Amino acid sequence: MTSTLRPPPPAPPRSPAEAAGSAPRSPRRRQSWRQALRRDWQLYSLAILPLLFFLVFRYLPMIGNVIAFRRFKPGGSIFGEYWVGLRYFRMFLTDPTFWEVFTNTLVLGTLTLLFCFPLPIVLALLLNEVRARRFKRFVQSVSYLPHFLSIVIVAAMVMQLTMVDGAANQLVRFFGGDAVAFLQQPGWFRTIYVSSEVWQSVGWGTILYLAALTTIDEDLYEAARIDGANRLRQTWHVTLPGIRPTMMTLLILNIGSFLAVGFEKILLLYNPLTYPTADVVSTYLFRMGFQSSNFSYAAAIGLFEAVIGLVLVLTANLISRRTVGTSLW
């Protein structure tokens, strides 16, 4: 008796997704934040100290802004004695000295942004073209070093270099000129301040750009070379678009701190002779609050400065998102 082999039953028709080789996957169940916290509590615990720092030193002090609308007397209530409304805002808006320091702030902020923002990009592009690794590391180390110096040390170095018997005046005498008291003349203060900012911050600013350069696909450079692009055109059409998100992010952050230009350094370098060009909003606020004990007036100026900074950040972020497609949020 012979057994006959029956053919296997035909397979059921395959769905289009299975026919394309991509079987449908079951949706992954989302975990609640409690489950994520229970699973990765060690990682979340690392954020406790930074959060406490911002809570204690950034958010809780905001409560003190209420004295900008109340009359504060030293030794009285920390929230002021009585309500005065917009009195202190009208005071500094009609104060010619405030508008003078506000103009100085705008000028110093603009000069700092014009020089300290593009120069790290230029230095990063130049270092990216260097093929000698030892020379590249040497230049990086030399350019990064000033960032790690204390502002007090930098200010002391600037004073020593620009004093009457300093290195700068010795160079002036060598070429037949007369010694100049640089830090006693208002016309020289902006040049000295911006130069020291460039020396101290440009090298450090290249770190983020060098890191962004490593993320650019080498195939893009190869395609550009095949199309006949030289090094300059590769930089313009490949390198700069590749680091554009980093550039715009740092630009928005710099614009946000536009009015808070170098408070510590200016406070160490300026003097009453250079007030016409060196006095800025932050130093004027410091003098009004701690030297004149007019804390409500100083709080009103600080709140005004913070609101302008917030508006600048929001505006820069909106313009960047609509024009370039890159933004902080």
# chains A, B, ... in the order shown; residues from 1 in each chain; ligands from 1
>>> select_by_dssp(residues="region 13-242 of chain A", states="alpha helix (DSSP H)", output="JSON, numbers by chain")
{"A": [16, 17, 18, 19, 33, 34, 35, 36, 37, 38, 39, 41, 42, 43, 44, 45, 48, 49, 50, 51, 52, 53, 54, 87, 88, 89, 90, 91, 92, 93, 96, 97, 98, 99, 100, 101, 102, 103, 104, 105, 106, 107, 108, 109, 110, 111, 112, 113, 114, 115, 116, 118, 119, 120, 121, 122, 123, 124, 125, 126, 127, 128, 129, 133, 134, 135, 136, 137, 138, 139, 140, 141, 142, 143, 144, 151, 152, 153, 154, 155, 156, 157, 158, 159, 160, 161, 162, 167, 168, 169, 170, 171, 172, 173, 174, 186, 187, 188, 189, 190, 191, 192, 193, 194, 195, 196, 197, 198, 199, 200, 201, 202, 203, 204, 205, 206, 207, 208, 209, 210, 211, 212, 213, 218, 219, 220, 221, 222, 223, 224, 225, 226, 231, 232, 233, 234, 240, 241, 242]}
>>> closest_atom_pairs(of="region 169-275 of chain A", to="region 299-315 of chain A", cutoff="9 Å", atoms="only C-alpha atoms", output="JSON lines")
{"residue": "A:Ile252", "atom": "CA", "partner": "A:Val313", "partner_atom": "CA", "distance": 6.1}
{"residue": "A:Leu253", "atom": "CA", "partner": "A:Val313", "partner_atom": "CA", "distance": 7.2}
{"residue": "A:Asn254", "atom": "CA", "partner": "A:Val313", "partner_atom": "CA", "distance": 8.8}
{"residue": "A:Ile255", "atom": "CA", "partner": "A:Val313", "partner_atom": "CA", "distance": 6.4}
{"residue": "A:Gly256", "atom": "CA", "partner": "A:Val313", "partner_atom": "CA", "distance": 4.9}
{"residue": "A:Ser257", "atom": "CA", "partner": "A:Gly309", "partner_atom": "CA", "distance": 6.5}
{"residue": "A:Phe258", "atom": "CA", "partner": "A:Gly309", "partner_atom": "CA", "distance": 7.0}
{"residue": "A:Leu259", "atom": "CA", "partner": "A:Gly309", "partner_atom": "CA", "distance": 6.9}
{"residue": "A:Ala260", "atom": "CA", "partner": "A:Glu305", "partner_atom": "CA", "distance": 8.3}
>>> residues_around(residues="region 90-106 of chain A", least_positions_apart="2", cutoff="10 Å", atoms="only C-alpha atoms", output="number ranges by chain")
A: 85-88, 108-112, 190, 258-262, 275-285, 297-298, 300-301, 304-305
>>> write_last_selection(atoms="N, CA, C and O atoms", output="tab-separated table (two decimals), in the first residue's frame")
chain	number	residue	atom	x	y	z
A	85	GLY	N	4.10	101.97	43.44
A	85	GLY	CA	3.77	101.80	42.03
A	85	GLY	C	4.97	101.93	41.12
A	85	GLY	O	6.03	101.34	41.37
A	86	LEU	N	4.86	102.73	40.07
A	86	LEU	CA	5.91	102.88	39.06
A	86	LEU	C	6.79	104.09	39.32
A	86	LEU	O	7.43	104.61	38.39
A	87	ARG	N	6.85	104.53	40.57
A	87	ARG	CA	7.62	105.73	40.88
A	87	ARG	C	9.09	105.59	40.49
A	87	ARG	O	9.66	106.49	39.86
A	88	TYR	N	9.73	104.48	40.84
A	88	TYR	CA	11.16	104.32	40.58
A	88	TYR	C	11.43	104.10	39.10
A	88	TYR	O	12.51	104.47	38.60
A	108	LEU	N	29.12	99.12	24.23
A	108	LEU	CA	30.03	98.05	24.63
A	108	LEU	C	29.48	96.68	24.26
A	108	LEU	O	30.22	95.78	23.83
A	109	GLY	N	28.17	96.48	24.43
A	109	GLY	CA	27.57	95.20	24.06
A	109	GLY	C	27.67	94.94	22.57
A	109	GLY	O	27.95	93.81	22.14
A	110	THR	N	27.45	95.97	21.75
A	110	THR	CA	27.55	95.80	20.30
A	110	THR	C	28.97	95.50	19.88
A	110	THR	O	29.22	94.60	19.05
A	111	LEU	N	29.95	96.24	20.42
A	111	LEU	CA	31.35	95.98	20.08
A	111	LEU	C	31.78	94.59	20.51
A	111	LEU	O	32.49	93.88	19.77
A	112	THR	N	31.37	94.17	21.71
A	112	THR	CA	31.72	92.84	22.19
A	112	THR	C	31.12	91.76	21.30
A	112	THR	O	31.78	90.77	20.96
A	190	ARG	N	36.95	101.73	25.89
A	190	ARG	CA	36.25	100.72	25.10
A	190	ARG	C	37.22	99.84	24.32
A	190	ARG	O	37.03	98.63	24.20
A	258	PHE	N	23.18	90.59	26.35
A	258	PHE	CA	23.68	91.79	25.67
A	258	PHE	C	23.89	92.94	26.64
A	258	PHE	O	24.90	93.65	26.59
A	259	LEU	N	22.93	93.15	27.54
A	259	LEU	CA	23.01	94.28	28.47
A	259	LEU	C	23.86	93.98	29.69
A	259	LEU	O	24.20	94.91	30.44
A	260	ALA	N	24.18	92.72	29.93
A	260	ALA	CA	24.98	92.36	31.11
A	260	ALA	C	26.45	92.23	30.73
A	260	ALA	O	27.10	91.22	31.00
A	261	VAL	N	26.99	93.23	30.08
A	261	VAL	CA	28.37	93.17	29.60
A	261	VAL	C	29.32	93.33	30.77
A	261	VAL	O	29.20	94.26	31.57
A	262	GLY	N	30.25	92.38	30.88
A	262	GLY	CA	31.40	92.43	31.76
A	262	GLY	C	31.32	93.25	33.02
A	262	GLY	O	32.14	94.15	33.22
A	275	TYR	N	34.02	107.31	33.57
A	275	TYR	CA	32.57	107.08	33.63
A	275	TYR	C	31.85	107.43	32.32
A	275	TYR	O	30.89	106.75	31.95
A	276	PRO	N	32.24	108.50	31.61
A	276	PRO	CA	31.49	108.85	30.39
A	276	PRO	C	31.42	107.74	29.35
A	276	PRO	O	30.47	107.69	28.57
A	277	THR	N	32.40	106.83	29.31
A	277	THR	CA	32.37	105.74	28.34
A	277	THR	C	32.39	104.36	28.99
A	277	THR	O	32.10	103.38	28.30
A	278	ALA	N	32.71	104.28	30.27
A	278	ALA	CA	32.87	102.97	30.90
A	278	ALA	C	31.69	102.59	31.79
A	278	ALA	O	31.47	101.39	32.02
A	279	ASP	N	30.95	103.53	32.28
A	279	ASP	CA	29.85	103.22	33.19
A	279	ASP	C	28.70	102.58	32.43
A	279	ASP	O	28.18	103.15	31.46
A	280	VAL	N	28.29	101.37	32.84
A	280	VAL	CA	27.21	100.64	32.18
A	280	VAL	C	26.08	100.43	33.18
A	280	VAL	O	26.18	100.82	34.35
A	281	VAL	N	25.01	99.81	32.71
A	281	VAL	CA	23.82	99.65	33.54
A	281	VAL	C	24.13	98.85	34.80
A	281	VAL	O	23.70	99.19	35.90
A	282	SER	N	24.89	97.77	34.66
A	282	SER	CA	25.17	96.90	35.81
A	282	SER	C	26.01	97.61	36.86
A	282	SER	O	25.78	97.45	38.06
A	283	THR	N	27.01	98.40	36.45
A	283	THR	CA	27.83	99.12	37.42
A	283	THR	C	27.05	100.29	38.04
A	283	THR	O	27.20	100.59	39.23
A	284	TYR	N	26.22	100.93	37.24
A	284	TYR	CA	25.37	102.00	37.79
A	284	TYR	C	24.39	101.44	38.80
A	284	TYR	O	24.14	102.04	39.85
A	285	LEU	N	23.83	100.29	38.49
A	285	LEU	CA	22.92	99.61	39.43
A	285	LEU	C	23.65	99.27	40.73
A	285	LEU	O	23.10	99.42	41.82
A	297	TYR	N	15.31	101.66	43.90
A	297	TYR	CA	15.69	102.25	42.61
A	297	TYR	C	16.56	101.27	41.82
A	297	TYR	O	16.36	101.08	40.61
A	298	ALA	N	17.49	100.62	42.51
A	298	ALA	CA	18.34	99.64	41.84
A	298	ALA	C	17.55	98.43	41.38
A	298	ALA	O	17.79	97.87	40.30
A	300	ALA	N	14.43	98.42	40.44
A	300	ALA	CA	13.67	98.83	39.26
A	300	ALA	C	14.55	98.81	38.01
A	300	ALA	O	14.13	98.34	36.94
A	301	ILE	N	15.79	99.27	38.13
A	301	ILE	CA	16.71	99.24	37.00
A	301	ILE	C	17.04	97.80	36.61
A	301	ILE	O	17.07	97.44	35.43
A	304	PHE	N	14.12	96.26	34.81
A	304	PHE	CA	14.06	96.81	33.45
A	304	PHE	C	15.09	96.14	32.55
A	304	PHE	O	14.79	95.77	31.40
A	305	GLU	N	16.29	95.95	33.06
A	305	GLU	CA	17.35	95.27	32.29
A	305	GLU	C	16.97	93.83	31.98
A	305	GLU	O	17.19	93.33	30.87
>>> closest_residue(among="A:Phe138, A:Phe175, A:Trp199, A:Trp83", to="Phe115 (chain A)", atoms="only C-alpha atoms")
A:Trp199
>>> select_by_dssp(residues="region 43-228 of chain A", states="strand (DSSP E or B)", output="list in words")
Arg70, Arg71, Tyr82 and Trp83 of chain A
>>> residues_around(residues="Arg71 (chain A)", least_positions_apart="5", cutoff="7 Å", atoms="only C-alpha atoms", output="mmCIF file with N, CA, C and O atoms, in the first residue's frame")
data_model
loop_
_atom_site.group_PDB
_atom_site.id
_atom_site.type_symbol
_atom_site.label_atom_id
_atom_site.label_comp_id
_atom_site.auth_asym_id
_atom_site.auth_seq_id
_atom_site.Cartn_x
_atom_site.Cartn_y
_atom_site.Cartn_z
ATOM 1 N N GLY A 80 9.606 95.665 51.527
ATOM 2 C CA GLY A 80 9.294 97.079 51.446
ATOM 3 C C GLY A 80 8.256 97.521 52.469
ATOM 4 O O GLY A 80 7.549 96.716 53.065
ATOM 5 N N GLU A 81 8.203 98.826 52.651
ATOM 6 C CA GLU A 81 7.313 99.398 53.658
ATOM 7 C C GLU A 81 5.918 99.668 53.108
ATOM 8 O O GLU A 81 4.920 99.324 53.731
ATOM 9 N N TYR A 82 5.837 100.295 51.944
ATOM 10 C CA TYR A 82 4.529 100.623 51.385
ATOM 11 C C TYR A 82 4.649 100.683 49.864
ATOM 12 O O TYR A 82 5.727 100.799 49.302
ATOM 13 N N TRP A 83 3.518 100.613 49.217
ATOM 14 C CA TRP A 83 3.448 100.530 47.761
ATOM 15 C C TRP A 83 3.619 101.919 47.133
ATOM 16 O O TRP A 83 3.007 102.889 47.557
ATOM 17 N N VAL A 84 4.499 101.995 46.118
ATOM 18 C CA VAL A 84 4.731 103.262 45.413
ATOM 19 C C VAL A 84 4.462 103.144 43.920
ATOM 20 O O VAL A 84 4.617 104.132 43.188
ATOM 21 N N SER A 296 15.451 100.084 46.193
ATOM 22 C CA SER A 296 14.255 100.049 45.353
ATOM 23 C C SER A 296 14.549 100.609 43.966
ATOM 24 O O SER A 296 14.094 100.060 42.952
#
>>> closest_residue(among="A:Tyr59, A:Tyr144, A:Tyr209, A:Leu273", to="Ala181 (chain A)", atoms="only C-alpha atoms")
A:Leu273
>>> atom_distance(atom1="CA of Arg231 (chain A)", atom2="CA of Thr326 (chain A)")
25.8 Å
>>> residues_around(residues="Leu171 (chain A)", least_positions_apart="6", cutoff="12 Å", atoms="only C-alpha atoms", output="compact mmCIF listing (two decimals) with N, CA, C and O atoms, in the first residue's frame")
# COMPACT_ATOMS: atom_id res chain seq x y z
N LEU A 161 49.82 96.52 32.02
CA LEU A 161 50.23 96.76 30.63
C LEU A 161 49.95 98.19 30.20
O LEU A 161 50.69 98.75 29.37
N THR A 162 48.89 98.80 30.73
CA THR A 162 48.48 100.12 30.25
C THR A 162 48.87 101.26 31.17
O THR A 162 48.53 102.41 30.89
N VAL A 164 51.38 104.03 33.06
CA VAL A 164 52.31 104.98 32.42
C VAL A 164 53.66 104.34 32.17
O VAL A 164 54.31 104.59 31.13
N ASP A 165 54.13 103.49 33.08
CA ASP A 165 55.41 102.81 32.89
C ASP A 165 55.23 101.38 32.40
O ASP A 165 56.16 100.57 32.51
N GLY A 177 56.87 108.29 20.67
CA GLY A 177 55.67 108.93 21.17
C GLY A 177 55.77 109.27 22.64
O GLY A 177 56.77 108.96 23.32
N ASP A 178 54.74 109.91 23.16
CA ASP A 178 54.67 110.26 24.57
C ASP A 178 53.79 109.24 25.30
O ASP A 178 52.85 108.67 24.74
N ALA A 179 54.10 109.06 26.56
CA ALA A 179 53.34 108.11 27.38
C ALA A 179 51.90 108.57 27.53
O ALA A 179 51.61 109.77 27.62
N VAL A 180 50.99 107.60 27.54
CA VAL A 180 49.56 107.88 27.63
C VAL A 180 48.99 107.14 28.84
O VAL A 180 49.26 105.94 29.02
>>> closest_residue(among="A:Arg225, A:Arg233, A:Lys265, A:Lys136", to="Gln200 (chain A)", atoms="only C-alpha atoms")
A:Lys265
